>>> print(open('target-v2.csv').read())   # CSV, C-alpha atoms and all ligand atoms
chain,number,residue,atom,x,y,z
A,1,MET,CA,-9.5,-2.9,-2.1
A,2,SER,CA,-5.8,-2.5,-1.4
A,3,GLY,CA,-3.8,-5.2,0.3
A,4,THR,CA,-3.2,-3.2,3.4
A,5,ASN,CA,-6.9,-2.8,3.9
A,6,ASP,CA,-7.7,-6.5,4.0
A,7,GLY,CA,-7.3,-6.9,7.7
A,8,HIS,CA,-9.4,-3.8,8.3
A,9,GLY,CA,-12.2,-5.2,6.2
A,10,TYR,CA,-12.3,-8.2,8.5
A,11,ASP,CA,-12.0,-6.0,11.6
A,12,SER,CA,-15.2,-4.3,10.8
A,13,LEU,CA,-17.1,-7.6,10.2
A,14,ARG,CA,-18.7,-9.6,13.0
A,15,LEU,CA,-18.1,-13.3,12.0
A,16,ASP,CA,-21.0,-15.5,12.9
A,17,ARG,CA,-20.3,-19.2,12.2
A,18,THR,CA,-23.2,-20.4,14.4
A,19,GLY,CA,-24.4,-23.8,13.2
A,20,GLN,CA,-22.2,-24.0,10.1
A,21,ALA,CA,-19.5,-26.3,11.4
A,22,GLU,CA,-22.0,-28.2,13.6
A,23,ALA,CA,-24.1,-29.1,10.5
A,24,PHE,CA,-21.0,-30.5,8.7
A,25,ASP,CA,-19.8,-32.3,11.9
A,26,ALA,CA,-23.2,-34.1,11.9
A,27,ILE,CA,-23.4,-34.6,8.1
A,28,GLY,CA,-20.0,-36.2,7.7
A,29,ASP,CA,-19.9,-38.8,4.9
A,30,ARG,CA,-23.6,-38.1,4.0
A,31,TYR,CA,-22.4,-35.0,2.1
A,32,ASP,CA,-20.6,-37.2,-0.5
A,33,GLU,CA,-23.6,-39.5,-0.8
A,34,ALA,CA,-26.0,-36.5,-1.5
A,35,PHE,CA,-23.7,-35.0,-4.1
A,36,PRO,CA,-22.4,-38.1,-6.0
A,37,HIS,CA,-21.8,-36.6,-9.5
A,38,LYS,CA,-18.8,-34.4,-9.4
A,39,GLU,CA,-17.8,-34.0,-13.0
A,40,GLY,CA,-17.6,-30.2,-12.8
A,41,GLN,CA,-15.5,-30.3,-9.7
A,42,VAL,CA,-13.2,-33.1,-11.0
A,43,GLY,CA,-12.8,-31.1,-14.2
A,44,ALA,CA,-11.7,-28.0,-12.4
A,45,GLY,CA,-9.3,-30.1,-10.3
A,46,GLU,CA,-7.9,-31.5,-13.6
A,47,TRP,CA,-7.3,-27.9,-14.7
A,48,LEU,CA,-5.2,-27.3,-11.6
A,49,ILE,CA,-3.3,-30.5,-12.2
A,50,GLU,CA,-2.6,-29.7,-15.9
A,51,SER,CA,-1.6,-26.1,-15.1
A,52,LEU,CA,0.7,-26.7,-12.2
A,53,ASP,CA,4.1,-28.5,-12.0
A,54,PRO,CA,4.3,-31.8,-10.0
A,55,GLY,CA,5.1,-31.0,-6.4
A,56,ALA,CA,3.3,-27.6,-6.5
A,57,ARG,CA,1.8,-26.5,-3.3
A,58,VAL,CA,-2.0,-26.4,-3.3
A,59,LEU,CA,-4.6,-25.4,-0.7
A,60,ASP,CA,-8.0,-27.1,-0.5
A,61,LEU,CA,-10.1,-24.5,1.2
A,62,GLY,CA,-13.1,-26.0,3.0
A,63,ALA,CA,-11.9,-29.4,2.0
A,64,GLY,CA,-14.8,-31.4,3.5
A,65,THR,CA,-14.1,-35.1,3.5
A,66,GLY,CA,-11.1,-34.5,1.1
A,67,VAL,CA,-13.0,-36.5,-1.5
A,68,PRO,CA,-12.8,-36.0,-4.4
A,69,THR,CA,-10.6,-32.9,-4.6
A,70,SER,CA,-7.7,-33.3,-2.0
A,71,ARG,CA,-7.4,-36.9,-3.1
A,72,GLN,CA,-7.4,-36.1,-6.8
A,73,LEU,CA,-4.7,-33.4,-6.3
A,74,ALA,CA,-2.6,-35.6,-4.0
A,75,ASP,CA,-2.8,-38.5,-6.4
A,76,ALA,CA,-1.4,-36.2,-9.1
A,77,ASP,CA,1.7,-35.6,-6.9
A,78,LEU,CA,0.7,-32.1,-5.8
A,79,ASP,CA,1.7,-31.1,-2.2
A,80,VAL,CA,-1.8,-30.7,-0.7
A,81,VAL,CA,-2.8,-28.8,2.4
A,82,GLY,CA,-6.6,-28.8,3.3
A,83,VAL,CA,-8.4,-26.7,5.9
A,84,ASP,CA,-12.0,-27.0,7.1
A,85,LEU,CA,-14.0,-25.5,9.9
A,86,SER,CA,-15.6,-28.8,10.8
A,87,ALA,CA,-13.6,-31.1,13.1
A,88,ARG,CA,-15.5,-34.2,11.8
A,89,MET,CA,-14.7,-33.3,8.2
A,90,VAL,CA,-11.0,-32.9,9.1
A,91,THR,CA,-11.0,-36.3,10.8
A,92,LEU,CA,-12.6,-37.9,7.7
A,93,ALA,CA,-10.2,-36.1,5.3
A,94,ARG,CA,-7.2,-37.3,7.3
A,95,GLU,CA,-8.5,-40.9,7.0
A,96,TYR,CA,-9.4,-40.7,3.3
A,97,VAL,CA,-6.4,-38.7,2.1
A,98,PRO,CA,-3.4,-39.6,4.2
A,99,ALA,CA,-1.0,-38.1,1.6
A,100,ALA,CA,-2.4,-34.6,2.4
A,101,THR,CA,-2.1,-32.5,5.5
A,102,PHE,CA,-5.3,-31.1,7.0
A,103,HIS,CA,-5.9,-28.4,9.6
A,104,GLN,CA,-9.1,-27.6,11.4
A,105,LEU,CA,-9.3,-23.8,10.8
A,106,ASP,CA,-11.6,-21.1,9.9
A,107,LEU,CA,-10.6,-19.7,6.5
A,108,ALA,CA,-10.7,-16.2,8.0
A,109,ASP,CA,-7.8,-17.2,10.2
A,110,LEU,CA,-5.6,-17.3,7.0
A,111,ARG,CA,-6.2,-13.6,6.3
A,112,PRO,CA,-3.2,-11.2,6.2
A,113,GLY,CA,-2.2,-10.9,9.9
A,114,GLY,CA,-4.7,-13.6,10.9
A,115,ALA,CA,-4.3,-16.3,13.5
A,116,ARG,CA,-2.5,-18.9,11.2
A,117,ASP,CA,0.1,-18.6,8.5
A,118,LEU,CA,0.3,-21.6,6.3
A,119,GLY,CA,2.7,-20.0,3.9
A,120,ARG,CA,2.1,-19.4,0.2
A,121,PHE,CA,0.6,-21.7,-2.4
A,122,ASP,CA,0.7,-22.2,-6.2
A,123,GLY,CA,-2.9,-23.1,-6.4
A,124,VAL,CA,-6.1,-22.9,-4.3
A,125,ALA,CA,-9.3,-25.0,-4.7
A,126,ALA,CA,-12.3,-23.5,-3.1
A,127,PHE,CA,-15.3,-25.8,-4.0
A,128,PHE,CA,-18.6,-24.7,-2.4
A,129,SER,CA,-16.9,-23.3,0.7
A,130,LEU,CA,-17.1,-19.5,0.1
A,131,LEU,CA,-20.8,-19.9,-0.4
A,132,MET,CA,-21.1,-20.6,3.3
A,133,LEU,CA,-19.9,-17.0,4.1
A,134,PRO,CA,-22.1,-13.9,4.3
A,135,ARG,CA,-21.8,-11.9,1.1
A,136,ALA,CA,-20.0,-9.1,2.9
A,137,GLU,CA,-17.2,-11.5,3.7
A,138,ILE,CA,-16.8,-13.2,0.2
A,139,PRO,CA,-14.6,-10.3,-1.3
A,140,LEU,CA,-12.4,-10.5,1.9
A,141,ALA,CA,-12.1,-14.3,1.5
A,142,LEU,CA,-11.1,-13.8,-2.1
A,143,ARG,CA,-8.5,-11.2,-1.1
A,144,THR,CA,-7.2,-13.7,1.5
A,145,ILE,CA,-6.8,-16.3,-1.3
A,146,HIS,CA,-5.1,-13.6,-3.4
A,147,HIS,CA,-2.7,-13.1,-0.5
A,148,LEU,CA,-2.1,-16.8,-0.1
A,149,LEU,CA,-1.2,-17.3,-3.7
A,150,ASN,CA,2.2,-16.8,-5.3
A,151,PRO,CA,2.1,-14.2,-8.1
A,152,GLY,CA,0.3,-15.8,-11.1
A,153,GLY,CA,-1.1,-18.5,-8.8
A,154,LEU,CA,-4.3,-20.4,-9.7
A,155,LEU,CA,-7.7,-20.5,-8.1
A,156,ALA,CA,-10.4,-23.1,-8.9
A,157,LEU,CA,-13.6,-21.8,-7.4
A,158,SER,CA,-17.1,-23.2,-7.4
A,159,MET,CA,-20.3,-21.5,-6.2
A,160,VAL,CA,-24.0,-21.9,-6.7
A,161,GLU,CA,-25.5,-19.2,-8.9
A,162,ALA,CA,-28.2,-17.5,-6.8
A,163,HIS,CA,-28.9,-14.0,-5.7
A,164,VAL,CA,-28.9,-14.7,-1.9
A,165,ASP,CA,-27.1,-13.4,1.2
A,166,ASP,CA,-26.7,-15.5,4.4
A,167,PHE,CA,-29.9,-17.3,3.4
A,168,GLU,CA,-31.1,-20.3,5.5
A,169,ILE,CA,-31.7,-23.5,3.6
A,170,PRO,CA,-32.5,-27.0,4.7
A,171,PHE,CA,-29.5,-29.3,4.2
A,172,LEU,CA,-29.5,-33.0,4.9
A,173,GLY,CA,-31.5,-32.7,8.1
A,174,HIS,CA,-29.8,-29.5,9.2
A,175,THR,CA,-30.0,-25.8,8.4
A,176,ILE,CA,-27.1,-24.0,6.9
A,177,ARG,CA,-26.7,-20.4,5.7
A,178,VAL,CA,-25.5,-19.8,2.2
A,179,SER,CA,-24.8,-16.8,-0.1
A,180,GLY,CA,-24.4,-16.5,-3.8
A,181,TYR,CA,-24.3,-14.2,-6.8
A,182,LEU,CA,-25.6,-14.1,-10.3
A,183,LEU,CA,-22.7,-15.0,-12.6
A,184,GLU,CA,-22.2,-11.5,-13.9
A,185,ASP,CA,-21.9,-10.2,-10.3
A,186,LEU,CA,-19.5,-13.0,-9.4
A,187,HIS,CA,-17.3,-12.0,-12.3
A,188,LYS,CA,-17.2,-8.4,-10.9
A,189,VAL,CA,-16.3,-9.6,-7.4
A,190,LEU,CA,-13.5,-11.8,-8.8
A,191,ASP,CA,-12.2,-8.9,-10.9
A,192,THR,CA,-12.1,-6.5,-8.0
A,193,ALA,CA,-10.3,-9.1,-5.9
A,194,GLY,CA,-7.6,-9.3,-8.5
A,195,PHE,CA,-8.5,-12.5,-10.4
A,196,GLU,CA,-8.7,-13.1,-14.1
A,197,VAL,CA,-11.2,-15.9,-15.1
A,198,VAL,CA,-9.5,-18.1,-17.7
A,199,LYS,CA,-12.2,-20.8,-18.1
A,200,GLU,CA,-15.7,-21.5,-16.7
A,201,ASN,CA,-18.4,-24.2,-16.8
A,202,SER,CA,-22.0,-24.3,-15.4
A,203,TYR,CA,-24.1,-27.3,-14.6
A,204,THR,CA,-27.6,-27.8,-13.4
A,205,TYR,CA,-27.3,-30.2,-10.5
A,206,ALA,CA,-30.0,-32.3,-8.9
A,207,PRO,CA,-28.5,-33.7,-5.6
A,208,ALA,CA,-29.4,-37.4,-4.9
A,209,THR,CA,-31.7,-36.4,-2.0
A,210,ALA,CA,-35.0,-34.6,-1.9
A,211,ASP,CA,-33.7,-32.6,1.1
A,212,VAL,CA,-31.5,-30.4,-1.1
A,213,PRO,CA,-33.1,-28.4,-4.0
A,214,PRO,CA,-31.6,-28.5,-7.5
A,215,GLU,CA,-29.0,-25.9,-8.1
A,216,GLU,CA,-27.0,-24.2,-10.8
A,217,GLN,CA,-23.3,-24.9,-10.1
A,218,VAL,CA,-20.6,-22.7,-11.6
A,219,PHE,CA,-16.9,-23.6,-11.8
A,220,LEU,CA,-14.4,-20.8,-12.5
A,221,CYS,CA,-10.8,-21.4,-13.3
A,222,CYS,CA,-9.0,-18.2,-12.3
A,223,ARG,CA,-5.4,-16.7,-12.2
A,224,ARG,CA,-4.1,-14.2,-9.7
A,225,ARG,CA,-3.7,-11.1,-11.9
A,226,ASP,CA,-1.4,-8.8,-9.9
B,301,LIG,C1,-20.4,-27.7,0.9
B,301,LIG,S1,-19.0,-28.3,1.7
B,301,LIG,C2,-17.9,-28.6,0.4
B,301,LIG,C3,-16.8,-29.5,0.7
B,301,LIG,C4,-15.7,-29.8,-0.4
B,301,LIG,N1,-15.0,-28.6,-0.8
B,301,LIG,C5,-16.4,-30.4,-1.6
B,301,LIG,O1,-16.7,-29.6,-2.5
B,301,LIG,O2,-16.5,-31.6,-1.7
B,301,LIG,C6,-18.4,-26.8,2.5
B,301,LIG,C7,-17.3,-27.1,3.4
B,301,LIG,O3,-16.8,-25.8,3.9
B,301,LIG,C8,-16.5,-25.9,5.2
B,301,LIG,N2,-16.6,-24.5,5.8
B,301,LIG,C9,-17.7,-23.7,5.9
B,301,LIG,N3,-17.3,-22.5,6.4
B,301,LIG,C10,-16.0,-22.6,6.6
B,301,LIG,C11,-15.0,-21.6,7.0
B,301,LIG,N4,-15.4,-20.4,7.5
B,301,LIG,N5,-13.7,-22.0,7.1
B,301,LIG,C12,-13.3,-23.2,6.6
B,301,LIG,N6,-14.2,-24.1,6.2
B,301,LIG,C13,-15.5,-23.8,6.1
B,301,LIG,C14,-17.6,-26.8,5.8
B,301,LIG,O4,-17.3,-27.3,7.1
B,301,LIG,C15,-17.7,-27.9,4.7
B,301,LIG,O5,-16.9,-29.0,4.9
>>> encode(input="target-v2.csv", output="structure tokens", more="lines below")
Ligand SMILES: C[S@@+](CC[C@H](N)C(=O)[O-])C[C@H]1O[C@@H](n2cnc3c(N)ncnc32)[C@H](O)[C@@H]1O
Amino acid sequence: MSGTNDGHGYDSLRLDRTGQAEAFDAIGDRYDEAFPHKEGQVGAGEWLIESLDPGARVLDLGAGTGVPTSRQLADADLDVVGVDLSARMVTLAREYVPAATFHQLDLADLRPGGARDLGRFDGVAAFFSLLMLPRAEIPLALRTIHHLLNPGGLLALSMVEAHVDDFEIPFLGHTIRVSGYLLEDLHKVLDTAGFEVVKENSYTYAPATADVPPEEQVFLCCRRRD
């Protein structure tokens, strides 16, 4: 996919966000209670901190409550900007991480030529946010991240390993739609989007609630290749 085609990719896609932000508006803080063990996520955040210079500009894409990631990055003196589709999540994140700046935005608005331009970043964290997109959009979202990063910039990405597309699951009393890949396919999608995977970890994760099934979480530390 060439850079000039990114906007066209989005142009041919009908974005359907029905219910996605509403679910997270209603879930609020309960998200952090249901997913209390965040070793993999904190470890990937640590990789960003170790690899970037103090003051580097980092985007937390789909930041949720801002905890733990925006807070971890801001506490390490990185310059953190967070975006989330859910107004409630943005309100909580502003409260919990006053040192960062949060915008209520759809990540698709950040695409080349999209509705918002937040400038360029040295690093992006996208933890469990791209999985809320239909599969057809995930490569476009990765190209958007590529476009948002300075050359050589870093991406810490997490997904749930599953061969599903826009698949409805029960989630903390709501229904959300999620997508995923088998690990080998995710590697191919990242490679095509222009990312080199420099480190990865997988965890079998049992959320602290019967309402969310156990899942295989993958954390990929990537570098913008070209
Ligand atoms: C599963 S939560 C993960 C939150 C946080 N990254 C974490 O790992 O703690 C996914 C977040 O992505 C947000 N989200 C979903 N679709 C989005 C979109 N199109 N643009 C921006 N944020 C989105 C949701 O509102 C939610 O807060």
>>> atom_distance(input="target-v2.csv", atom1="atom CA of A:Asp166", atom2="atom CA of A:Arg17")
10.7 Å
>>> closest_residue(input="target-v2.csv", among="A:Arg143, A:Arg224, A:Arg94, A:Arg177", to="ligand LIG 301 (chain B)", atoms="only C-alpha atoms and all ligand atoms")
A:Arg177
>>> closest_residue(input="target-v2.csv", among="A:Leu182, A:Ala76, A:Ala26, A:Ala100", to="A:Glu50", atoms="only C-alpha atoms")
A:Ala76
>>> atom_distance(input="target-v2.csv", atom1="atom CA of A:His147", atom2="atom CA of A:Thr18")
26.4 Å
>>> residues_near_ligand(input="target-v2.csv", ligand="ligand LIG 301 (chain B)", cutoff="6 Å", atoms="all atoms listed in the file", output="PyMOL selection string")
chain A and resi 21+24+62-64+84-86+89+105-107+127-129+132
>>> closest_residue(input="target-v2.csv", among="A:Leu13, A:Leu78, A:Val178, A:Ala87", to="A:Leu130", atoms="all atoms listed in the file")
A:Val178
>>> residues_around(input="target-v2.csv", residues="A:Leu157", least_positions_apart="3", cutoff="8 Å", atoms="all atoms listed in the file", output="ChimeraX atom specification")
/A:125-128,219-222
>>> residues_near_point(input="target-v2.csv", point="(-32.9, -39.8, 7.0)", cutoff="12 Å", atoms="all atoms listed in the file", output="list in words")
Ile27, Arg30, Ala34, Phe171, Leu172, Gly173, His174, Thr209, Ala210 and Asp211 of chain A
>>> atom_distance(input="target-v2.csv", atom1="atom CA of A:Trp47", atom2="atom CA of A:Ala74")
14.0 Å
